[in-house]
Structure formats: C-alpha cells, structure tokens
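Colleague: Below is final_3.txt; it holds compact mmCIF, C-alpha atoms and all ligand atoms.
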```txt
# COMPACT_ATOMS: atom_id res chain seq x y z
CA MET A 23 0.00 0.00 0.00
CA LYS A 24 1.23 3.51 -0.85
CA PHE A 25 0.46 6.62 1.20
CA ASP A 26 1.66 10.21 0.83
CA GLU A 27 1.46 10.87 4.52
CA ILE A 28 1.69 9.08 7.84
CA LEU A 29 -1.54 7.61 9.19
CA LEU A 30 -2.14 6.68 12.83
CA GLU A 31 -2.10 3.03 11.74
CA HIS A 32 1.55 3.37 10.68
CA GLY A 33 2.34 3.32 14.39
CA GLY A 34 -0.07 0.56 15.31
CA GLY A 35 2.12 -2.54 15.13
CA GLY A 36 0.02 -4.05 12.34
CA ARG A 37 0.23 -4.26 8.55
CA LEU A 38 0.88 -0.56 8.00
CA SER A 39 3.68 -0.54 10.61
CA ASN A 40 5.24 -3.47 8.76
CA ASP A 41 4.90 -1.60 5.45
CA LEU A 42 6.63 1.44 6.97
CA ILE A 43 9.48 -0.64 8.39
CA THR A 44 10.08 -2.81 5.34
CA GLY A 45 9.32 -0.11 2.74
CA VAL A 46 10.86 3.04 4.24
CA PHE A 47 13.26 2.18 7.09
CA LEU A 48 14.80 -1.16 6.13
CA PRO A 49 15.93 -0.26 2.60
CA HIS A 50 18.17 2.47 4.09
CA PHE A 51 19.13 0.94 7.44
CA ARG A 52 19.45 -2.68 6.27
CA ASN A 53 21.92 -4.93 8.08
CA ALA A 54 21.92 -8.55 9.24
CA CYS A 55 20.92 -7.66 12.78
CA LEU A 56 18.04 -5.28 11.99
CA GLU A 57 16.70 -7.59 9.30
CA ARG A 58 15.72 -10.16 11.90
CA LEU A 59 13.05 -7.74 13.16
CA GLU A 60 12.98 -9.26 16.64
CA ASP A 61 12.04 -7.34 19.82
CA SER A 62 15.74 -6.66 20.56
CA ALA A 63 18.91 -6.67 18.50
CA VAL A 64 21.18 -9.49 19.69
CA LEU A 65 24.86 -8.59 19.19
CA ASN A 66 28.19 -10.29 19.83
CA LEU A 67 30.57 -8.12 21.86
CA GLY A 68 33.88 -9.93 22.36
CA ASP A 69 32.95 -13.22 24.01
CA LYS A 70 29.65 -11.83 25.31
CA LYS A 71 26.26 -11.70 23.69
CA ILE A 72 24.17 -8.64 24.46
CA CYS A 73 20.68 -7.55 23.50
CA PHE A 74 19.70 -3.97 22.84
CA SER A 75 16.20 -2.55 22.44
CA THR A 76 14.36 0.77 22.28
CA ASP A 77 10.73 1.85 22.57
CA SER A 78 8.76 5.10 22.89
CA TYR A 79 5.70 5.63 25.06
CA VAL A 80 2.85 8.01 24.21
CA VAL A 81 0.00 6.41 26.19
CA ASP A 82 -3.10 8.50 26.86
CA PRO A 83 -4.14 8.87 29.68
CA ILE A 84 -0.68 9.08 31.29
CA PHE A 85 -2.11 7.70 34.57
CA PHE A 86 -4.32 4.62 34.12
CA PRO A 87 -5.68 1.85 36.37
CA GLY A 88 -2.74 -0.40 37.20
CA GLY A 89 0.09 1.89 36.07
CA ASP A 90 1.25 5.04 34.34
CA ILE A 91 3.44 6.08 31.41
CA GLY A 92 6.56 5.88 33.63
CA SER A 93 6.20 2.29 34.83
CA LEU A 94 5.02 1.28 31.35
CA ALA A 95 8.18 2.77 29.80
CA VAL A 96 10.33 0.62 32.09
CA HIS A 97 8.29 -2.58 31.70
CA GLY A 98 8.05 -2.34 27.92
CA THR A 99 11.79 -2.19 27.31
CA VAL A 100 12.63 -4.70 30.07
CA ASN A 101 10.18 -7.13 28.45
CA ASP A 102 11.56 -6.63 24.94
CA LEU A 103 15.02 -7.55 26.29
CA ALA A 104 13.72 -10.50 28.31
CA VAL A 105 11.83 -12.15 25.45
CA CYS A 106 15.05 -12.25 23.44
CA GLY A 107 16.67 -14.24 26.24
CA GLY A 108 18.42 -11.26 27.79
CA LYS A 109 18.90 -10.44 31.46
CA PRO A 110 18.13 -6.69 31.45
CA LEU A 111 20.92 -4.61 33.03
CA CYS A 112 20.39 -0.92 32.38
CA LEU A 113 18.13 1.56 30.64
CA SER A 114 18.42 5.00 29.13
CA THR A 115 15.47 7.35 29.20
CA GLY A 116 14.55 10.33 27.03
CA PHE A 117 11.77 12.77 27.90
CA ILE A 118 9.93 15.05 25.51
CA LEU A 119 8.00 17.46 27.71
CA GLU A 120 5.37 19.98 26.68
CA GLU A 121 5.75 23.48 28.05
CA GLY A 122 3.26 23.87 30.93
CA PHE A 123 3.26 20.20 32.01
CA GLY A 124 2.73 19.97 35.79
CA MET A 125 5.81 19.44 37.94
CA LYS A 126 3.73 17.40 40.40
CA ASP A 127 2.73 14.92 37.68
CA LEU A 128 6.29 14.75 36.37
CA LYS A 129 7.63 13.91 39.84
CA LYS A 130 4.94 11.25 40.27
CA ILE A 131 5.94 9.64 36.97
CA ILE A 132 9.65 9.76 37.76
CA ARG A 133 9.01 8.10 41.14
CA SER A 134 6.95 5.41 39.43
CA MET A 135 9.73 4.81 36.86
CA SER A 136 12.32 4.49 39.59
CA GLU A 137 10.17 2.01 41.55
CA ALA A 138 9.50 -0.02 38.38
CA ALA A 139 13.22 -0.09 37.57
CA ALA A 140 14.11 -1.23 41.11
CA LEU A 141 11.49 -3.98 40.93
CA ALA A 142 12.84 -5.17 37.58
CA GLY A 143 16.43 -5.03 38.86
CA VAL A 144 17.63 -2.50 36.25
CA SER A 145 19.35 0.86 36.62
CA ILE A 146 18.55 3.97 34.63
CA VAL A 147 22.09 5.02 33.70
CA THR A 148 21.71 7.83 31.17
CA GLY A 149 19.02 10.16 29.88
CA ASP A 150 17.95 13.21 27.94
CA THR A 151 15.29 15.92 28.30
CA LYS A 152 13.75 18.16 25.66
CA VAL A 153 10.96 20.69 26.16
CA VAL A 154 8.76 21.75 23.23
CA PRO A 155 6.33 24.71 23.10
CA ARG A 156 2.71 24.26 24.20
CA GLY A 157 0.80 22.26 21.61
CA ALA A 158 3.91 20.74 19.98
CA ALA A 159 3.54 17.56 22.08
CA ASP A 160 0.84 16.24 24.40
CA ARG A 161 2.17 16.60 28.00
CA LEU A 162 5.03 14.09 27.86
CA PHE A 163 6.42 11.32 25.74
CA ILE A 164 9.08 8.93 27.06
CA ASN A 165 11.64 6.82 25.24
CA THR A 166 13.57 4.07 26.94
CA SER A 167 16.37 1.95 25.52
CA GLY A 168 17.92 -0.99 27.30
CA ILE A 169 20.83 -3.40 27.29
CA GLY A 170 20.81 -6.96 28.55
CA ILE A 171 23.20 -9.91 28.70
CA VAL A 172 22.23 -13.07 26.85
CA ASP A 173 23.51 -16.24 28.55
CA TYR A 174 20.95 -18.68 27.19
CA LYS A 175 22.55 -21.36 25.05
CA GLY A 176 19.51 -22.00 22.84
CA SER A 177 18.61 -19.76 19.91
CA ILE A 178 15.49 -17.73 20.74
CA SER A 179 14.15 -16.44 17.46
CA VAL A 180 11.08 -16.56 15.29
CA LYS A 181 13.27 -18.63 12.93
CA SER A 182 13.62 -21.30 15.66
CA ILE A 183 9.86 -21.98 15.79
CA ALA A 184 9.41 -25.56 14.56
CA ASP A 185 6.78 -27.95 13.25
CA GLY A 186 5.03 -29.54 16.25
CA ASP A 187 5.80 -26.73 18.72
CA ALA A 188 3.25 -25.90 21.39
CA VAL A 189 2.05 -22.30 21.80
CA LEU A 190 1.62 -20.93 25.32
CA VAL A 191 0.42 -17.59 26.64
CA SER A 192 1.45 -16.42 30.11
CA GLY A 193 -2.00 -15.16 31.20
CA THR A 194 -5.21 -13.29 30.41
CA ILE A 195 -5.11 -11.13 27.29
CA GLY A 196 -6.43 -7.61 26.64
CA ASP A 197 -6.24 -6.33 30.22
CA HIS A 198 -4.14 -3.26 29.36
CA GLY A 199 -6.30 -2.29 26.38
CA ALA A 200 -9.51 -2.70 28.40
CA ALA A 201 -8.10 -0.68 31.32
CA ILE A 202 -7.17 2.21 28.99
CA LEU A 203 -10.48 2.07 27.12
CA THR A 204 -12.52 2.29 30.29
CA ARG A 205 -10.61 5.45 31.29
CA ARG A 206 -10.76 7.21 27.95
CA GLU A 207 -12.83 10.35 28.03
CA GLY A 208 -16.41 9.90 26.99
CA LEU A 209 -16.68 6.19 27.69
CA GLY A 210 -17.73 6.67 31.29
CA PHE A 211 -17.36 3.04 32.37
CA LYS A 212 -17.06 1.89 35.93
CA SER A 213 -14.82 -1.14 36.13
CA ASP A 214 -12.11 -2.79 38.23
CA ILE A 215 -9.96 -3.79 35.26
CA LEU A 216 -6.29 -3.01 35.86
CA SER A 217 -3.59 -2.86 33.22
CA ASP A 218 -1.36 -5.95 33.29
CA SER A 219 1.74 -3.75 32.83
CA ALA A 220 4.53 -5.70 34.58
CA PRO A 221 8.22 -6.62 34.27
CA LEU A 222 8.45 -10.14 32.88
CA ASN A 223 12.21 -10.68 33.20
CA GLY A 224 11.85 -12.67 36.43
CA LEU A 225 9.30 -15.01 34.87
CA VAL A 226 11.38 -15.42 31.71
CA GLU A 227 14.56 -16.09 33.72
CA LYS A 228 12.78 -18.89 35.59
CA ILE A 229 11.53 -20.42 32.34
CA LEU A 230 14.94 -20.27 30.66
CA LYS A 231 16.68 -21.77 33.69
CA THR A 232 14.39 -24.80 33.62
CA SER A 233 14.09 -25.38 29.90
CA PRO A 234 16.94 -25.46 27.38
CA ASN A 235 14.48 -25.77 24.47
CA ILE A 236 12.58 -22.48 24.31
CA HIS A 237 12.29 -21.62 20.61
CA CYS A 238 10.71 -18.18 20.67
CA MET A 239 9.01 -15.66 22.95
CA ARG A 240 7.39 -12.34 22.19
CA ASP A 241 5.51 -9.95 24.44
CA ALA A 242 2.02 -9.12 23.21
CA THR A 243 1.73 -5.31 23.22
CA ARG A 244 -0.26 -2.81 21.16
CA GLY A 245 -1.83 -5.18 18.58
CA GLY A 246 -2.57 -7.80 21.23
CA LEU A 247 -1.92 -11.53 21.06
CA GLY A 248 -3.58 -11.75 17.63
CA ALA A 249 -1.15 -9.30 16.01
CA ILE A 250 2.04 -10.91 17.33
CA LEU A 251 0.88 -14.44 16.48
CA ALA A 252 -0.13 -13.39 12.95
CA GLU A 253 3.24 -11.68 12.53
CA MET A 254 5.13 -14.69 13.89
CA ALA A 255 3.21 -17.04 11.56
CA GLN A 256 4.25 -14.84 8.62
CA GLN A 257 7.90 -14.53 9.71
CA SER A 258 8.30 -18.23 10.52
CA GLY A 259 6.54 -19.43 7.37
CA LEU A 260 4.66 -21.98 9.48
CA THR A 261 1.00 -22.33 10.39
CA ILE A 262 0.06 -21.38 13.94
CA SER A 263 -3.29 -22.76 15.13
CA VAL A 264 -4.80 -21.54 18.39
CA ARG A 265 -7.91 -22.74 20.19
CA GLU A 266 -10.24 -19.84 21.06
CA GLN A 267 -11.65 -21.50 24.18
CA ASP A 268 -8.17 -22.08 25.64
CA ILE A 269 -7.08 -18.41 25.37
CA PRO A 270 -7.54 -16.84 28.83
CA VAL A 271 -9.71 -13.70 28.86
CA ARG A 272 -11.13 -12.10 32.01
CA ASP A 273 -14.95 -11.96 32.06
CA ASP A 274 -14.96 -8.19 32.58
CA VAL A 275 -12.51 -7.69 29.68
CA ARG A 276 -14.76 -9.81 27.49
CA GLY A 277 -17.69 -7.65 28.67
CA VAL A 278 -15.92 -4.40 27.66
CA CYS A 279 -15.12 -5.96 24.27
CA GLU A 280 -18.74 -6.97 23.72
CA ILE A 281 -20.04 -3.49 24.54
CA LEU A 282 -17.50 -1.70 22.33
CA GLY A 283 -17.34 -4.27 19.55
CA PHE A 284 -13.66 -5.18 20.04
CA ASP A 285 -12.02 -8.58 19.78
CA PRO A 286 -9.90 -9.34 22.90
CA LEU A 287 -7.45 -11.10 20.60
CA PHE A 288 -6.36 -7.68 19.31
CA LEU A 289 -6.59 -5.75 22.56
CA ALA A 290 -3.26 -4.56 23.99
CA CYS A 291 -1.38 -6.43 26.72
CA GLU A 292 1.66 -5.08 28.60
CA GLY A 293 2.56 -8.05 30.76
CA LYS A 294 1.98 -11.17 28.69
CA ILE A 295 4.20 -13.30 26.51
CA ALA A 296 3.49 -15.83 23.83
CA LEU A 297 6.00 -18.70 23.97
CA PHE A 298 6.89 -21.50 21.56
CA CYS A 299 8.57 -24.73 22.67
CA PRO A 300 8.54 -28.43 21.73
CA ALA A 301 5.19 -30.02 22.68
CA ASP A 302 6.94 -32.43 25.07
CA ASP A 303 8.19 -29.50 27.17
CA ALA A 304 4.93 -27.54 27.19
CA GLN A 305 3.52 -28.93 30.43
CA LYS A 306 6.76 -28.25 32.31
CA VAL A 307 6.92 -24.67 31.02
CA LEU A 308 3.24 -24.17 31.86
CA GLU A 309 3.86 -25.22 35.46
CA ILE A 310 6.77 -22.79 35.79
CA MET A 311 4.57 -19.99 34.44
CA LYS A 312 1.71 -20.85 36.79
CA GLY A 313 4.08 -20.83 39.77
CA HIS A 314 5.06 -17.19 39.06
CA GLU A 315 2.95 -14.18 40.05
CA TYR A 316 2.89 -12.90 36.45
CA GLY A 317 1.99 -16.28 34.95
CA ARG A 318 -0.80 -17.59 37.18
CA ASN A 319 -3.38 -17.77 34.37
CA ALA A 320 -1.00 -19.18 31.76
CA ALA A 321 -2.35 -21.69 29.26
CA ILE A 322 -1.31 -23.91 26.38
CA ILE A 323 -3.35 -22.47 23.52
CA GLY A 324 -2.22 -24.04 20.29
CA THR A 325 0.22 -25.78 17.99
CA VAL A 326 2.54 -25.10 15.07
CA ALA A 327 2.44 -27.10 11.85
CA ALA A 328 4.39 -27.13 8.60
CA GLY A 329 2.63 -27.99 5.37
CA LYS A 330 -0.25 -26.24 3.67
CA ASP A 331 -1.52 -22.79 4.72
CA GLN A 332 2.05 -21.72 5.48
CA GLY A 333 2.57 -18.42 7.23
CA ARG A 334 -1.00 -18.27 8.49
CA LEU A 335 -2.65 -17.91 11.87
CA ILE A 336 -5.74 -20.10 12.26
CA LEU A 337 -8.24 -19.64 15.09
CA LYS A 338 -10.23 -22.76 16.01
CA THR A 339 -13.45 -21.27 17.29
CA ALA A 340 -15.34 -22.44 20.36
CA ILE A 341 -18.18 -23.74 18.18
CA GLY A 342 -15.88 -26.02 16.18
CA GLY A 343 -15.18 -23.87 13.12
CA SER A 344 -11.89 -22.31 12.11
CA ARG A 345 -10.96 -18.98 10.55
CA GLU A 346 -7.81 -17.33 9.37
CA ILE A 347 -6.66 -14.32 11.38
CA ASP A 348 -4.94 -11.58 9.38
CA LEU A 349 -2.44 -9.14 10.78
CA PRO A 350 -4.61 -6.09 11.57
CA LEU A 351 -3.98 -2.85 9.65
CA GLY A 352 -3.07 -1.01 12.86
CA GLU A 353 -3.98 -0.93 16.53
CA LEU A 354 -7.62 -0.83 17.63
CA VAL A 355 -7.06 2.29 19.72
CA PRO A 356 -4.34 4.91 19.10
CA ARG A 357 -1.92 5.84 21.92
CA ILE A 358 -2.52 2.63 23.83
CA CYS A 359 1.13 2.38 24.93
MG MG B 401 7.86 -6.57 22.10
```
Give the structure from this file in structure tokens form.
Ligand code: MG
Modeller:
Amino acid sequence: MKFDEILLEHGGGGRLSNDLITGVFLPHFRNACLERLEDSAVLNLGDKKICFSTDSYVVDPIFFPGGDIGSLAVHGTVNDLAVCGGKPLCLSTGFILEEGFGMKDLKKIIRSMSEAAALAGVSIVTGDTKVVPRGAADRLFINTSGIGIVDYKGSISVKSIADGDAVLVSGTIGDHGAAILTRREGLGFKSDILSDSAPLNGLVEKILKTSPNIHCMRDATRGGLGAILAEMAQQSGLTISVREQDIPVRDDVRGVCEILGFDPLFLACEGKIALFCPADDAQKVLEIMKGHEYGRNAAIIGTVAAGKDQGRLILKTAIGGSREIDLPLGELVPRIC
C-alpha cells in the first residue's frame, strides 16, 4: 500500500507498521541484525552476547488503572530484552516534555519509573530531556532503551519456531487495552480492570533456567496476542493454530469488548508473553509460568504445523469452526502504549 502521509495506523504494530518498516526504514538501514526484526537486536561483543532494544511511550491517559506512562516505559523495554533471552541490566530514558506540564505529575511519573526499575532489577544510567512549546507535544512522551546480557545457550528467534511446537500464553489477554479504554474520556465506564503492565524478566529467567528448548518468545503489546501471532506465523513461514476457548480472557474484559465491539485477541497487553517450545516441554513450562505471580493464568493455547496454509494464523473457534486471522492494519485504539 502507498500513502503520501503518515496515518495513525503506521504506528499501530500491524500491517501498515510493517509496510513502513520494510518499505521506508529497512531499505536504508538494512543490516543482518536489523533484518531479523525481533524485539531486541542481539549482538556479539567480544565473548559476550548482548541484547539492545528501544521503545517510545505516548499512552493516553498518562495515569491509568494499574500503572502510568513511567512504569510502562520501564516494563516495555525490560520485556523486549527478556523475550530475546536477555537479562536486562540498564536503561536509558529520554523525555519530551510539553511546556506547561505539571511538575507534580512529572515527579509522580519519575518516582513510578524508579520504583518499576528497582522492581525489575535494572538501573537507569543515562538520559535526555527536551521541552517543546505548548501544543507541539501532548504533555510528555518517554523513550527508553535498554541493554541486557544473553547467557541462554539456545537460539530464541522466530526462525527457531518448529513444526510440532506448542504455543503458550502467560495469562489473560487484553487487560491493558480494556483498562485504557474504560478510562478514555467519553466512555464513562465503571470497572475494576487493571492494566497488566509488569516486568516479565523474572518469569522469563525462571523459564529459561528450567528449559533449554525455548524456541521463541514475544511480548504481546499494542496489537494484542492476535497481532504478534499473525506476525510470527508470517515470519516463521509456518501455520500457527490456536484454540479460542483455551485463550484466557477475564470476564470483565470480554464484557468491555462486547459493549465496544472489540475482539480481545487484538486488545493490547503489557505483561503477557506468547511462547513457543517443543510439545513435550509444554507442560513443564506451563507449570513454571503458573508458579510465578505474572503467569498464574497461563495456558497452552495451540500448535505449530508445517505444510499447507504456510505463514497463516488459524483460530479454532469455540463452536468447532476455524478462521484465518490476518495481521490487523493497525492498533484498535491509538496511543494505547
Ligand atoms: Mg515486544
């Protein structure tokens, strides 16, 4: 698809984001590391392997049930490092502040970031601040980048996903998206739904310590579980089939989706990973997940197959049918993270 200007969907983690990356960025930036298009770049530095990742946060509202833009900015980058097998070490942070933004809110966000970093065991070691005139940005935007050490001997990559793999998810999906939606102006919902924003490096470390055969992990963020699975099906060239009734969704999240006409499969998460491993290891990995506070509602939700329908994501519906799930054009709701 060709566009003369940027649309909101270009930042949505769906088809238009992919078009932007492969059509505009990659042709100029191309190198072996970037081409892998994983959540972090994994680089060899002497005899060490490190991972390196960056992400920007523009969530609206900046304070939401279960978190705020500051904790989210720490969790997001920590999780992108963790799912590539990295033990996150340190972060940088960049602030773009709008003239007139309240000092009280800024201090609250900085405190939240520092608590989130302490909880995740990372240090914020460098940073930058820019202020733009009123109207040139909306209150504040945050960028974080992070570095981690990769010790895991296996190769964690979308290219390692194999025929026969089991697909697991670490808990209920769509919580973050539903929490933001219920707080957006004009919706006027009363609900107890909290964002699932959380640092997943502890959970991932436990999984990697117990299993030498993890093939791939990815954190489900703005496009939800549906978007990352559709993308991983495409990138792996294999068929991913998931069973709708096995995908954990909170009743109140399902309720919000029904009222607003959203599919929880595409609703944002900020504390959930999809994981691929050999079917024989799936039960063991599931038990590790369930034993961790951020994996209590984990489930085995599907399988991977080679053969026909390659590169597709198939949803086996609760009533016994099946349908192909396409990578969405963009995110359901702008500024979700
Ligand atoms: Mg990610």
Colleague: Identify, on the basis of all atoms listed in the file, every residue whose closest approach to Ile164 of chain A does not exceed 10 Å; exclude the query and any residue fewer than 3 positions from it along the same chain; express the result as a list in words.
Modeller: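 After dropping sequence-adjacent residues, the list is Asp77, Ser78, Tyr79, Val80, Val81, Ile91, Gly92, Leu94, Ala95, Val96, Thr115, Gly116, Phe117, Ile118, Leu119, Asp150 and Thr151 of chain A.
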Colleague: Dig up all the protein and nucleic acid residues within 6 Å of (-0.9, -6.2, 21.6) in the file frame, using all atoms listed in the file, and format them as number ranges by chain.
Modeller: A: 242-247, 289-291
Colleague: Restrict the calculation to all atoms listed in the file, then for each residue of chain A with any atom at most 10 Å from an atom of ligand MG 401 (chain B) give the closest atom pair and their distance in Å to one decimal, rows by chain and rising residue number, as a Markdown table.
Modeller:
```
| residue | atom | partner | partner_atom | distance |
| --- | --- | --- | --- | --- |
| A:Gly35 | CA | B:MG401 | MG | 9.9 |
| A:Glu60 | CA | B:MG401 | MG | 8.0 |
| A:Asp61 | CA | B:MG401 | MG | 4.8 |
| A:Ser62 | CA | B:MG401 | MG | 8.0 |
| A:Ser75 | CA | B:MG401 | MG | 9.3 |
| A:Thr76 | CA | B:MG401 | MG | 9.8 |
| A:Asp77 | CA | B:MG401 | MG | 8.9 |
| A:Gly98 | CA | B:MG401 | MG | 7.2 |
| A:Thr99 | CA | B:MG401 | MG | 7.9 |
| A:Val100 | CA | B:MG401 | MG | 9.5 |
| A:Asn101 | CA | B:MG401 | MG | 6.8 |
| A:Asp102 | CA | B:MG401 | MG | 4.7 |
| A:Leu103 | CA | B:MG401 | MG | 8.4 |
| A:Ala104 | CA | B:MG401 | MG | 9.4 |
| A:Val105 | CA | B:MG401 | MG | 7.6 |
| A:Cys106 | CA | B:MG401 | MG | 9.3 |
| A:Met239 | CA | B:MG401 | MG | 9.2 |
| A:Arg240 | CA | B:MG401 | MG | 5.8 |
| A:Asp241 | CA | B:MG401 | MG | 4.7 |
| A:Ala242 | CA | B:MG401 | MG | 6.5 |
| A:Thr243 | CA | B:MG401 | MG | 6.4 |
| A:Arg244 | CA | B:MG401 | MG | 9.0 |
| A:Ile250 | CA | B:MG401 | MG | 8.7 |
| A:Glu292 | CA | B:MG401 | MG | 9.1 |
| A:Lys294 | CA | B:MG401 | MG | 10.0 |
| A:Ile295 | CA | B:MG401 | MG | 8.8 |
```
Colleague: Once you count only C-alpha atoms, what closest atom pair and distance in Å to one decimal does each residue of segment 300-328 of chain A within 9 Å of segment 170-188 of chain A have, with rows by chain and rising residue number, as a Markdown table?
Modeller:
```
| residue | atom | partner | partner_atom | distance |
| --- | --- | --- | --- | --- |
| A:Pro300 | CA | A:Asp187 | CA | 4.4 |
| A:Ala301 | CA | A:Ala188 | CA | 4.7 |
| A:Asp302 | CA | A:Ala188 | CA | 8.4 |
| A:Asp303 | CA | A:Ala188 | CA | 8.4 |
| A:Ala304 | CA | A:Ala188 | CA | 6.3 |
| A:Ile322 | CA | A:Ala188 | CA | 7.0 |
| A:Ile323 | CA | A:Ala188 | CA | 7.7 |
| A:Gly324 | CA | A:Ala188 | CA | 5.9 |
| A:Thr325 | CA | A:Ala188 | CA | 4.6 |
| A:Val326 | CA | A:Asp187 | CA | 5.2 |
| A:Ala327 | CA | A:Asp185 | CA | 4.6 |
| A:Ala328 | CA | A:Asp185 | CA | 5.3 |
```
Colleague: Take the residues from that selection and put them in a file with C-alpha atoms, as a PDB file, in the coordinates of the input.
Modeller:
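Heads up, here's the output in selection_0.pdb:
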```pdb
ATOM      1  CA  PRO A 300       8.540 -28.430  21.730  1.00  0.00           C
ATOM      2  CA  ALA A 301       5.190 -30.020  22.680  1.00  0.00           C
ATOM      3  CA  ASP A 302       6.940 -32.430  25.070  1.00  0.00           C
ATOM      4  CA  ASP A 303       8.190 -29.500  27.170  1.00  0.00           C
ATOM      5  CA  ALA A 304       4.930 -27.540  27.190  1.00  0.00           C
ATOM      6  CA  ILE A 322      -1.310 -23.910  26.380  1.00  0.00           C
ATOM      7  CA  ILE A 323      -3.350 -22.470  23.520  1.00  0.00           C
ATOM      8  CA  GLY A 324      -2.220 -24.040  20.290  1.00  0.00           C
ATOM      9  CA  THR A 325       0.220 -25.780  17.990  1.00  0.00           C
ATOM     10  CA  VAL A 326       2.540 -25.100  15.070  1.00  0.00           C
ATOM     11  CA  ALA A 327       2.440 -27.100  11.850  1.00  0.00           C
ATOM     12  CA  ALA A 328       4.390 -27.130   8.600  1.00  0.00           C
TER      13      ALA A 328
END
```
Colleague: Write out as a list in words the residues lying within 8 Å of segment 209-214 of chain A, counting all atoms listed in the file and excluding same-chain residues fewer than 5 positions away.
Modeller: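 The residues satisfying every condition are Leu203, Thr204 and Asp274 of chain A.
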Colleague: So, counting all atoms listed in the file, which residue among A:Arg156, A:Arg272, A:Lys126, A:Arg52 is closest to Ala201 of chain A?
Modeller: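 That would be A:Arg272, the residue with the smallest distance to Ala201 of chain A.
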Colleague: Name the closest residue to Ile146 of chain A among the candidates A:Cys112, A:Asp127, A:Leu282, A:His50; distances are taken between atoms, counting all atoms listed in the file.
Modeller: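 Under the stated criterion, the closest residue is A:Cys112.
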Colleague: At a cut-off of 9 Å from (0.2, -16.4, 33.9) in the coordinates of the file, what residues are picked up using only C-alpha atoms, written as a ChimeraX atom specification?
Modeller: /A:191-194,294-295,308,311-321
Colleague: Can you tell me which residues surround segment 220-225 of chain A at a distance of at most 6 Å, considering only C-alpha atoms, apart from same-chain residues fewer than 2 positions away, and format the answer as a PDB file with C-alpha atoms, in the frame of the given file?
Modeller:
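Contents of around_37.pdb, freshly written:
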```pdb
ATOM      1  CA  HIS A  97       8.290  -2.580  31.700  1.00  0.00           C
ATOM      2  CA  ASN A 101      10.180  -7.130  28.450  1.00  0.00           C
ATOM      3  CA  ALA A 104      13.720 -10.500  28.310  1.00  0.00           C
ATOM      4  CA  ALA A 142      12.840  -5.170  37.580  1.00  0.00           C
ATOM      5  CA  GLU A 227      14.560 -16.090  33.720  1.00  0.00           C
ATOM      6  CA  LYS A 228      12.780 -18.890  35.590  1.00  0.00           C
ATOM      7  CA  GLY A 293       2.560  -8.050  30.760  1.00  0.00           C
TER       8      GLY A 293
END
```
Colleague: Smallest atom-to-atom distance to Arg161 of chain A: which of A:Gly196, A:Gly122, A:Gly283, A:Gly108, using only C-alpha atoms?
Modeller: A:Gly122
Colleague: One decimal, Å: what's the distance from atom CA of Ala159 of chain A over to atom CA of Glu120 of chain A, could you say?
Modeller: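 Distance between the two atoms: 5.5 Å.
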Colleague: Compile the contact shell of Asp90 of chain A as a ChimeraX atom specification: residues with an atom at most 9 Å away, counting only C-alpha atoms, same-chain residues fewer than 3 positions apart removed.
Modeller: /A:81,83-87,93-95,131,134-135,219
Colleague: Using Å and a single decimal, report how far atom CA of Cys238 of chain A sits from atom CA of Val355 of chain A.
Modeller: 27.1 Å
Colleague: If you measure from atom CA of Val271 of chain A to atom CA of Gly352 of chain A, what distance in Å do you get, rounded to one decimal?
Modeller: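 Atom-to-atom, atom CA of Val271 of chain A to atom CA of Gly352 of chain A, that is 21.5 Å.
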Colleague: Box for segment 133-152 of chain A: with edges along x, y and z, all listed atoms inside and 6 Å added on each side, what are the centre and edge lengths in Å to one decimal, as JSON?
Modeller:
```
{"center_x": 14.5, "center_y": 6.5, "center_z": 33.6, "size_x": 27.1, "size_y": 35.3, "size_z": 27.9}
```
